[in-house]
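One file, run25.pdb, is given below (PDB, C-alpha atoms and all ligand atoms).
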```pdb
ATOM      1  CA  MET N  42       0.000   0.000   0.000
ATOM      2  CA  LYS N  43       1.378   3.409  -0.968
ATOM      3  CA  PHE N  44       1.532   6.218   1.619
ATOM      4  CA  PHE N  45       0.735   9.732   0.427
ATOM      5  CA  ILE N  46       0.736  12.740   2.741
ATOM      6  CA  ASP N  47      -2.367  14.934   2.663
ATOM      7  CA  THR N  48      -0.973  18.431   3.121
ATOM      8  CA  ALA N  49       0.557  21.410   1.354
ATOM      9  CA  ASN N  50       2.866  22.087   4.325
ATOM     10  CA  LEU N  51       6.459  21.777   3.082
ATOM     11  CA  GLU N  52       7.944  21.009   6.523
ATOM     12  CA  GLN N  53       5.525  18.143   7.073
ATOM     13  CA  ILE N  54       6.168  16.795   3.578
ATOM     14  CA  LYS N  55       9.931  16.915   4.265
ATOM     15  CA  GLU N  56       9.478  15.127   7.595
ATOM     16  CA  ALA N  57       7.504  12.272   5.989
ATOM     17  CA  GLN N  58       9.992  12.085   3.114
ATOM     18  CA  GLU N  59      12.907  11.873   5.558
ATOM     19  CA  LEU N  60      11.197   8.965   7.331
ATOM     20  CA  GLY N  61      11.602   7.127   4.024
ATOM     21  CA  VAL N  62       8.009   5.940   3.645
ATOM     22  CA  LEU N  63       6.486   8.588   1.413
ATOM     23  CA  ASP N  64       5.127   7.695  -2.026
ATOM     24  CA  GLY N  65       3.347  10.931  -2.965
ATOM     25  CA  VAL N  66       1.361  13.987  -1.892
ATOM     26  CA  THR N  67      -2.249  15.115  -2.176
ATOM     27  CA  THR N  68      -3.379  18.704  -1.819
ATOM     28  CA  ASN N  69      -6.701  20.446  -2.233
ATOM     29  CA  PRO N  70      -7.719  24.124  -2.373
ATOM     30  CA  SER N  71      -8.431  24.185   1.382
ATOM     31  CA  LEU N  72      -4.989  22.745   2.204
ATOM     32  CA  MET N  73      -3.294  25.287  -0.093
ATOM     33  CA  ALA N  74      -5.289  28.114   1.505
ATOM     34  CA  LYS N  75      -4.291  26.864   4.976
ATOM     35  CA  GLU N  76      -0.632  27.446   4.006
ATOM     36  CA  GLY N  77      -1.535  30.942   2.717
ATOM     37  CA  ILE N  78      -0.733  30.036  -0.895
ATOM     38  CA  THR N  79      -2.823  32.172  -3.256
ATOM     39  CA  GLY N  80      -2.461  33.486  -6.800
ATOM     40  CA  GLU N  81      -1.776  31.384  -9.897
ATOM     41  CA  GLU N  82       2.003  31.881  -9.950
ATOM     42  CA  ASN N  83       2.465  31.227  -6.214
ATOM     43  CA  ILE N  84       0.330  28.105  -6.450
ATOM     44  CA  LYS N  85       2.367  26.756  -9.379
ATOM     45  CA  ALA N  86       5.650  27.570  -7.603
ATOM     46  CA  HIS N  87       4.407  25.753  -4.500
ATOM     47  CA  TYR N  88       3.573  22.592  -6.485
ATOM     48  CA  LEU N  89       7.099  22.674  -7.927
ATOM     49  CA  LYS N  90       8.576  22.932  -4.415
ATOM     50  CA  ILE N  91       6.543  19.865  -3.394
ATOM     51  CA  CYS N  92       7.740  17.946  -6.487
ATOM     52  CA  ASP N  93      11.342  18.769  -5.491
ATOM     53  CA  ILE N  94      10.860  17.124  -2.087
ATOM     54  CA  VAL N  95       9.138  13.874  -3.084
ATOM     55  CA  ASN N  96       9.632  11.334  -5.863
ATOM     56  CA  GLY N  97       6.012  10.227  -6.360
ATOM     57  CA  ASP N  98       2.780  11.685  -7.693
ATOM     58  CA  VAL N  99       1.596  15.092  -6.453
ATOM     59  CA  SER N 100      -2.123  15.831  -6.791
ATOM     60  CA  ALA N 101      -2.911  19.405  -7.855
ATOM     61  CA  GLU N 102      -6.626  20.225  -7.845
ATOM     62  CA  VAL N 103      -8.355  22.297 -10.509
ATOM     63  CA  ILE N 104     -10.481  25.222  -9.328
ATOM     64  CA  ALA N 105     -12.507  25.266 -12.564
ATOM     65  CA  THR N 106     -15.857  23.472 -12.653
ATOM     66  CA  THR N 107     -16.718  23.525 -16.373
ATOM     67  CA  TYR N 108     -15.292  21.041 -18.896
ATOM     68  CA  GLU N 109     -13.452  23.611 -21.045
ATOM     69  CA  GLU N 110     -11.967  25.423 -18.064
ATOM     70  CA  MET N 111     -10.946  22.193 -16.342
ATOM     71  CA  ILE N 112      -9.140  21.065 -19.503
ATOM     72  CA  ALA N 113      -7.286  24.379 -19.820
ATOM     73  CA  GLU N 114      -6.340  24.495 -16.122
ATOM     74  CA  GLY N 115      -5.474  20.788 -15.940
ATOM     75  CA  GLU N 116      -3.200  20.954 -18.989
ATOM     76  CA  LEU N 117      -1.289  23.869 -17.454
ATOM     77  CA  LEU N 118      -0.917  21.993 -14.170
ATOM     78  CA  ALA N 119       0.187  18.769 -15.883
ATOM     79  CA  ALA N 120       2.777  20.677 -17.936
ATOM     80  CA  LEU N 121       4.371  21.982 -14.738
ATOM     81  CA  HIS N 122       6.094  18.712 -13.806
ATOM     82  CA  PRO N 123       5.837  14.989 -14.723
ATOM     83  CA  GLN N 124       4.880  14.179 -11.101
ATOM     84  CA  ILE N 125       1.743  16.329 -11.239
ATOM     85  CA  THR N 126      -1.570  14.451 -11.174
ATOM     86  CA  VAL N 127      -4.570  16.599 -12.062
ATOM     87  CA  LYS N 128      -7.198  16.377  -9.330
ATOM     88  CA  VAL N 129     -10.726  16.699 -10.687
ATOM     89  CA  PRO N 130     -14.006  16.780  -8.737
ATOM     90  CA  MET N 131     -16.615  14.043  -9.262
ATOM     91  CA  ILE N 132     -19.123  16.131 -11.184
ATOM     92  CA  ARG N 133     -20.535  15.657 -14.701
ATOM     93  CA  ASP N 134     -17.931  17.873 -16.396
ATOM     94  CA  GLY N 135     -15.261  16.356 -14.175
ATOM     95  CA  VAL N 136     -15.973  12.866 -15.540
ATOM     96  CA  LYS N 137     -15.754  14.229 -19.085
ATOM     97  CA  ALA N 138     -12.481  15.974 -18.250
ATOM     98  CA  ILE N 139     -11.028  12.779 -16.743
ATOM     99  CA  LYS N 140     -11.880  10.920 -19.952
ATOM    100  CA  TYR N 141     -10.111  13.645 -21.960
ATOM    101  CA  PHE N 142      -7.007  13.712 -19.713
ATOM    102  CA  SER N 143      -6.825   9.934 -19.780
ATOM    103  CA  SER N 144      -6.858   9.948 -23.620
ATOM    104  CA  LYS N 145      -3.924  12.406 -23.514
ATOM    105  CA  GLY N 146      -1.907  10.328 -21.019
ATOM    106  CA  ILE N 147      -2.365  12.920 -18.238
ATOM    107  CA  LYS N 148      -2.663  11.378 -14.754
ATOM    108  CA  THR N 149      -5.846  12.187 -12.813
ATOM    109  CA  ASN N 150      -7.195  11.867  -9.298
ATOM    110  CA  CYS N 151     -11.001  11.917  -9.131
ATOM    111  CA  THR N 152     -11.855  13.591  -5.832
ATOM    112  CA  LEU N 153     -14.908  14.094  -3.589
ATOM    113  CA  VAL N 154     -16.103  10.520  -4.112
ATOM    114  CA  PHE N 155     -18.745   9.341  -1.641
ATOM    115  CA  SER N 156     -20.390   6.361  -3.386
ATOM    116  CA  ALA N 157     -19.435   3.197  -5.256
ATOM    117  CA  GLY N 158     -21.417   4.431  -8.262
ATOM    118  CA  GLN N 159     -19.249   7.532  -8.482
ATOM    119  CA  ALA N 160     -16.130   5.359  -8.206
ATOM    120  CA  LEU N 161     -17.372   3.125 -11.035
ATOM    121  CA  LEU N 162     -17.829   6.164 -13.290
ATOM    122  CA  ALA N 163     -14.333   7.447 -12.419
ATOM    123  CA  ALA N 164     -12.812   4.085 -13.380
ATOM    124  CA  LYS N 165     -14.771   3.933 -16.637
ATOM    125  CA  ALA N 166     -13.533   7.426 -17.500
ATOM    126  CA  GLY N 167      -9.960   6.180 -16.963
ATOM    127  CA  ALA N 168      -8.976   7.967 -13.743
ATOM    128  CA  THR N 169      -5.513   7.092 -12.434
ATOM    129  CA  TYR N 170      -6.746   7.404  -8.842
ATOM    130  CA  VAL N 171     -10.154   7.607  -7.204
ATOM    131  CA  SER N 172     -10.414   9.377  -3.834
ATOM    132  CA  PRO N 173     -13.238   8.147  -1.584
ATOM    133  CA  PHE N 174     -13.437  10.302   1.574
ATOM    134  CA  ILE N 175     -13.576   8.011   4.616
ATOM    135  CA  GLY N 176     -13.576  10.560   7.448
ATOM    136  CA  ARG N 177     -16.266  12.782   5.977
ATOM    137  CA  LEU N 178     -18.557   9.741   5.594
ATOM    138  CA  ASP N 179     -17.831   8.664   9.184
ATOM    139  CA  ASP N 180     -18.724  12.230  10.213
ATOM    140  CA  VAL N 181     -22.277  11.706   8.902
ATOM    141  CA  SER N 182     -22.761   8.284  10.540
ATOM    142  CA  THR N 183     -21.921   6.300   7.398
ATOM    143  CA  ASP N 184     -19.137   3.705   7.470
ATOM    144  CA  GLY N 185     -16.443   5.123   5.182
ATOM    145  CA  MET N 186     -14.451   1.905   5.281
ATOM    146  CA  LEU N 187     -17.339  -0.085   3.772
ATOM    147  CA  LEU N 188     -17.105   2.206   0.741
ATOM    148  CA  ILE N 189     -13.377   1.451   0.365
ATOM    149  CA  GLU N 190     -14.161  -2.276   0.579
ATOM    150  CA  ASP N 191     -16.930  -2.002  -2.057
ATOM    151  CA  ILE N 192     -14.753  -0.059  -4.496
ATOM    152  CA  VAL N 193     -11.803  -2.459  -4.095
ATOM    153  CA  GLN N 194     -14.149  -5.372  -4.854
ATOM    154  CA  ILE N 195     -15.845  -3.717  -7.845
ATOM    155  CA  TYR N 196     -12.505  -2.744  -9.406
ATOM    156  CA  ALA N 197     -11.139  -6.278  -8.853
ATOM    157  CA  ASN N 198     -14.249  -7.839 -10.483
ATOM    158  CA  TYR N 199     -13.497  -6.067 -13.767
ATOM    159  CA  GLY N 200      -9.753  -5.474 -13.549
ATOM    160  CA  TYR N 201     -10.034  -1.680 -13.563
ATOM    161  CA  LYS N 202      -6.581  -0.097 -13.380
ATOM    162  CA  THR N 203      -7.798   2.937 -11.344
ATOM    163  CA  GLN N 204      -6.060   2.940  -7.953
ATOM    164  CA  VAL N 205      -8.183   3.284  -4.829
ATOM    165  CA  LEU N 206      -6.710   6.250  -2.925
ATOM    166  CA  ALA N 207      -8.384   6.352   0.474
ATOM    167  CA  ALA N 208      -8.721  10.015   1.481
ATOM    168  CA  SER N 209     -10.038  11.998   4.437
ATOM    169  CA  VAL N 210      -8.062   9.704   6.731
ATOM    170  CA  ARG N 211      -8.218  10.868  10.340
ATOM    171  CA  HIS N 212      -6.288   8.331  12.468
ATOM    172  CA  PRO N 213      -4.004   5.283  12.358
ATOM    173  CA  MET N 214      -6.891   2.766  12.534
ATOM    174  CA  HIS N 215      -8.174   4.146   9.215
ATOM    175  CA  ILE N 216      -4.739   3.362   7.724
ATOM    176  CA  LEU N 217      -4.722  -0.200   9.088
ATOM    177  CA  GLN N 218      -8.287  -0.870   7.967
ATOM    178  CA  CYS N 219      -7.410   0.400   4.471
ATOM    179  CA  ALA N 220      -4.480  -2.028   4.395
ATOM    180  CA  LYS N 221      -6.788  -4.886   5.454
ATOM    181  CA  VAL N 222      -9.360  -4.239   2.733
ATOM    182  CA  GLY N 223      -6.737  -3.697   0.027
ATOM    183  CA  ALA N 224      -6.747   0.048  -0.753
ATOM    184  CA  ASP N 225      -3.901   0.838  -3.162
ATOM    185  CA  VAL N 226      -3.006   4.158  -1.503
ATOM    186  CA  VAL N 227      -3.838   6.033   1.692
ATOM    187  CA  THR N 228      -3.372   9.766   1.927
ATOM    188  CA  CYS N 229      -2.941  10.832   5.528
ATOM    189  CA  PRO N 230      -2.087  13.769   7.744
ATOM    190  CA  LEU N 231       1.449  13.477   9.155
ATOM    191  CA  ASN N 232       0.185  12.786  12.695
ATOM    192  CA  ALA N 233      -1.728   9.665  11.539
ATOM    193  CA  ILE N 234       1.437   8.289   9.897
ATOM    194  CA  MET N 235       3.578   9.051  12.957
ATOM    195  CA  ALA N 236       0.966   7.483  15.262
ATOM    196  CA  LEU N 237       1.672   4.124  13.578
ATOM    197  CA  LEU N 238       5.126   4.251  15.175
ATOM    198  CA  LYS N 239       3.948   4.435  18.739
ATOM    199  CA  HIS N 240       3.668   1.590  21.242
ATOM    200  CA  PRO N 241       4.399   1.920  24.986
ATOM    201  CA  LEU N 242       5.931  -1.586  25.080
ATOM    202  CA  THR N 243       8.470  -0.488  22.449
ATOM    203  CA  ASP N 244       9.441   2.554  24.554
ATOM    204  CA  ASN N 245       9.587   0.549  27.808
ATOM    205  CA  GLY N 246      11.503  -2.284  26.163
ATOM    206  CA  LEU N 247      14.074   0.090  24.679
ATOM    207  CA  LYS N 248      14.518   1.885  28.012
ATOM    208  CA  GLN N 249      15.171  -1.459  29.737
ATOM    209  CA  PHE N 250      17.649  -2.611  27.038
ATOM    210  CA  LEU N 251      19.647   0.610  27.360
ATOM    211  CA  GLU N 252      19.654   0.471  31.180
ATOM    212  CA  ASP N 253      20.836  -3.164  31.185
ATOM    213  CA  HIS N 254      23.557  -2.323  28.675
ATOM    214  CA  ALA N 255      24.755   0.640  30.775
ATOM    215  CA  LYS N 256      24.772  -1.472  33.979
ATOM    216  CA  ALA N 257      26.799  -4.254  32.301
ATOM    217  CA  ALA N 258      29.281  -1.707  30.913
ATOM    218  CA  GLN N 259      29.632  -0.099  34.369
ATOM    219  CA  LYS N 260      30.247  -3.517  35.975
ATOM    220  CA  ALA N 261      32.862  -4.442  33.381
ATOM    221  CA  ALA N 262      34.692  -1.171  34.020
ATOM    222  CA  LEU N 263      35.103  -1.897  37.775
TER
HETATM  223  C1  LIG J   1      -7.500  14.384  -0.216
HETATM  224  O1  LIG J   1      -7.276  14.234  -1.362
HETATM  225  C2  LIG J   1      -8.689  15.074   0.319
HETATM  226  O2  LIG J   1      -8.805  16.328  -0.224
HETATM  227  C3  LIG J   1      -8.571  15.098   1.809
HETATM  228  O3  LIG J   1      -8.143  13.829   2.253
HETATM  229  C4  LIG J   1      -9.812  15.564   2.527
HETATM  230  O4  LIG J   1      -9.621  15.356   3.907
HETATM  231  P1  LIG J   1     -10.554  16.036   5.025
HETATM  232  O5  LIG J   1     -11.882  15.390   4.970
HETATM  233  O6  LIG J   1      -9.818  15.740   6.307
HETATM  234  O7  LIG J   1     -10.595  17.498   4.697
END
```
Now, as a test, write the supplied structure out as structure tokens.
Amino acid sequence: MKFFIDTANLEQIKEAQELGVLDGVTTNPSLMAKEGITGEENIKAHYLKICDIVNGDVSAEVIATTYEEMIAEGELLAALHPQITVKVPMIRDGVKAIKYFSSKGIKTNCTLVFSAGQALLAAKAGATYVSPFIGRLDDVSTDGMLLIEDIVQIYANYGYKTQVLAASVRHPMHILQCAKVGADVVTCPLNAIMALLKHPLTDNGLKQFLEDHAKAAQKAAL
């Protein structure tokens, strides 16, 4: 399972990259705004900075919502860097745009997916990735993980190449459940990735090992 980080924060992207487990980055307009990145040129420059840090795919979301405008914006984004994946919302014109980008060999990430039907359409249009939002479904008392499971099964039934990119991940259990049901990618905040590291028995065990080693060294020195 690939690990993407879901942020536009360069420090956090660097930290995940330095850990050696990062396969890509996803951003969205809210995440860019959170970092104070506005204006076409600043946004493009920021995507390039992200591409410099990581080796994998970097999702850059279109702001346009009509077919023609999405094509124009997406082509500019894709031309920025080979790692750029054009992120397109799951709306009627978005599906058409994904079909177009796919015919031109431009990678796409179909975002704001909340049903298996939407995921089926994204795959038929040739999306590189589909992003079902787990956390936002959980927020409205609907089991987001069941959607991941359904999409993985539907894609396997027909051999669709679209990768299931589980998004809106909120905690480490989401990551583990995604791994169990066979998601291709999870995109997570840094704290959810780092939380996978933690176990009190690891910390206690290490403390004990180091104390025993120090005691033995002290004894040998006497
Ligand atoms: C990623 O591609 C999505 O934009 C993101 O995971 C949404 O997460 P949120 O529901 O925590 O905003």
Under the rule of at most 6 Å, produce a per-residue listing of chain N near ligand LIG 1 (chain J): chain, number, name, the closest pair of atoms, and the distance in Å, as a Markdown table, using only C-alpha atoms and all ligand atoms.
```
| residue | atom | partner | partner_atom | distance |
| --- | --- | --- | --- | --- |
| N:Asp47 | CA | J:LIG1 | O3 | 5.9 |
| N:Thr67 | CA | J:LIG1 | O1 | 5.2 |
| N:Thr68 | CA | J:LIG1 | O1 | 5.9 |
| N:Asn69 | CA | J:LIG1 | O2 | 5.0 |
| N:Gly176 | CA | J:LIG1 | O5 | 5.7 |
| N:Arg177 | CA | J:LIG1 | O5 | 5.2 |
| N:Ala208 | CA | J:LIG1 | O3 | 3.9 |
| N:Ser209 | CA | J:LIG1 | O3 | 3.4 |
```
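Using only C-alpha atoms for every distance, the candidate list N:Tyr170, N:Tyr108, N:Phe155, N:Phe250 yields N:Tyr108 as the residue closest to N:Ala138.
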Given only C-alpha atoms as the basis, pick out the residue of N:Asp191, N:Glu109, N:Glu252, N:Asp225 nearest to N:Gln204. N:Asp225
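Among the candidates N:Ala197, N:Leu231, N:Ile112, N:Ala49, the residue lying nearest to N:Lys145 is N:Ile112 (atoms considered: all atoms listed in the file).
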Exercise: residues within 7 Å of coordinate (-12.8, 8.3, -17.4), counting all atoms listed in the file, as a ChimeraX atom specification: /N:136-137,139-140,143,162-168
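A straight line drawn from atom CA of N:Thr107 to atom CA of N:Met131 is 11.9 Å long.
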Evaluate the PyMOL selection byres (((chain N and resi 60) around 12) and not hetatm) and record the selected residues as a PDB file with C-alpha atoms, in the frame of the given file, following the chain and residue labels used in the document.
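Everything below was put into selection-v6.pdb:
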```pdb
ATOM      1  CA  PHE N  44       1.532   6.218   1.619  1.00  0.00           C
ATOM      2  CA  GLN N  53       5.525  18.143   7.073  1.00  0.00           C
ATOM      3  CA  ILE N  54       6.168  16.795   3.578  1.00  0.00           C
ATOM      4  CA  LYS N  55       9.931  16.915   4.265  1.00  0.00           C
ATOM      5  CA  GLU N  56       9.478  15.127   7.595  1.00  0.00           C
ATOM      6  CA  ALA N  57       7.504  12.272   5.989  1.00  0.00           C
ATOM      7  CA  GLN N  58       9.992  12.085   3.114  1.00  0.00           C
ATOM      8  CA  GLU N  59      12.907  11.873   5.558  1.00  0.00           C
ATOM      9  CA  GLY N  61      11.602   7.127   4.024  1.00  0.00           C
ATOM     10  CA  VAL N  62       8.009   5.940   3.645  1.00  0.00           C
ATOM     11  CA  LEU N  63       6.486   8.588   1.413  1.00  0.00           C
ATOM     12  CA  ASP N  64       5.127   7.695  -2.026  1.00  0.00           C
ATOM     13  CA  VAL N  95       9.138  13.874  -3.084  1.00  0.00           C
ATOM     14  CA  LEU N 231       1.449  13.477   9.155  1.00  0.00           C
ATOM     15  CA  ILE N 234       1.437   8.289   9.897  1.00  0.00           C
ATOM     16  CA  MET N 235       3.578   9.051  12.957  1.00  0.00           C
ATOM     17  CA  LEU N 238       5.126   4.251  15.175  1.00  0.00           C
TER      18      LEU N 238
END
```
Non-local contacts of stretch 171-174 of chain N (9 Å; only C-alpha atoms; under 6 positions in same chain excluded) as a PyMOL selection string: chain N and resi 149-157+160+163-164+185+188-189+192+203-210
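Computed from the coordinates, the atom CA of N:Pro70 to atom CA of N:Lys128 distance equals 10.4 Å.
Nearest residue to N:Leu72 among N:Ala257, N:Ile84, N:Ala113, N:Val227 is N:Ile84, counting all atoms listed in the file.
What the PyMOL selection byres (((chain N and resi 126) around 6) and not hetatm) grabs from this file is N:Val99, N:Ser100, N:Ile125, N:Val127, N:Lys148, N:Thr149.
Going from atom CA of N:Val222 over to atom CA of N:Ile175, you cover 13.1 Å.
The nearest approach to N:Leu178 among the residues N:Arg133, N:Arg211, N:Lys90, N:Lys202, with only C-alpha atoms taken into account, belongs to N:Arg211.
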Which residue, N:Tyr196, N:Leu217, N:Glu82, N:Gln259, has the smallest gap to N:Met42 when you use all atoms listed in the file? N:Leu217
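Non-sequential neighbours of N:Val103 (distance at most 8 Å, separation of 3 or more positions within a chain, only C-alpha atoms) are Thr106, Met111, Glu114, Gly115, Val127, Lys128 and Val129 of chain N.
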